Amino acid sequence: MYFYIQGTKTTPYAYMNNGHMRIVGKAVPVEEQPFFGHISKQLNRYIQKPANKTSVDISLSHVNASSKKAMVEFLKQLETINNLGFEVEVNWWYETEDDDVRELGEIFKSMFNIQIKLLTKATN
């Protein structure tokens, strides 16, 4: 399965190809439904026939409340894949100085029965 969503000033870009997904950028949409709604729809299709291993790289900045809520729903979908017996791995990337995004990753890690790795990225 393949899909791509172009990023904007307020939404990250997202793509999925052969069990690997990336979500990268700012997540501060005024309305989360168009962006996260599209991801949810695509992931629901993917759940019907997932790859043996699903790997997701998430690198967000400036995550607003509606995006946090949408991420909870997204991670629930990944947990569904895991509960079906398929391997799911999430790499949660954050800037070394970004305590808010790091803490959000820690919260999500404690909430879900999927492998979530917290990883720092170099700042320029």
# chains A, B, ... in the order shown; residues from 1 in each chain; ligands from 1
>>> select_by_dssp(residues="chain A", states="strand (DSSP E or B)", output="PyMOL selection string")
chain A and resi 2-5+13-17+20-26+53-61+87-95+115-121
>>> residues_around(residues="stretch 114-123 of chain A", least_positions_apart="3", cutoff="6 Å", atoms="only C-alpha atoms", output="PDB file with C-alpha atoms, in the first residue's frame")
ATOM      1  CA  GLU A  79      -2.123  -1.139  18.303  1.00  0.00           C
ATOM      2  CA  GLU A  89       7.527  -0.425  15.656  1.00  0.00           C
ATOM      3  CA  VAL A  90       7.257   3.331  16.176  1.00  0.00           C
ATOM      4  CA  ASN A  91      10.311   5.594  16.221  1.00  0.00           C
ATOM      5  CA  TRP A  92       9.359   8.828  17.992  1.00  0.00           C
ATOM      6  CA  TRP A  93      11.952  11.438  16.994  1.00  0.00           C
ATOM      7  CA  TYR A  94      12.414  14.682  18.916  1.00  0.00           C
ATOM      8  CA  GLU A  95      14.904  17.536  19.125  1.00  0.00           C
ATOM      9  CA  THR A  96      17.193  17.221  22.156  1.00  0.00           C
ATOM     10  CA  LYS A 109       4.779   4.864  25.099  1.00  0.00           C
TER      11      LYS A 109
END
>>> atom_distance(atom1="atom CA of A:Phe36", atom2="atom CA of A:Ala65")
13.0 Å
>>> select_by_dssp(residues="chain A", states="alpha helix (DSSP H)", output="MDAnalysis selection string")
chainID A and resid 33:47 65:83 99:111
>>> residues_around(residues="A:Val88", least_positions_apart="2", cutoff="12 Å", atoms="only C-alpha atoms", output="count of residues only")
32
>>> closest_residue(among="A:Arg45, A:Ala27, A:Ile107, A:Ala14", to="A:Ala70", atoms="only C-alpha atoms")
A:Ala27
>>> residues_around(residues="A:Val30", least_positions_apart="6", cutoff="12 Å", atoms="only C-alpha atoms", output="VMD selection string")
chain A and resid 8 to 11 36 63 to 67
>>> atom_distance(atom1="atom CA of A:Lys68", atom2="atom CA of A:Lys26")
11.9 Å
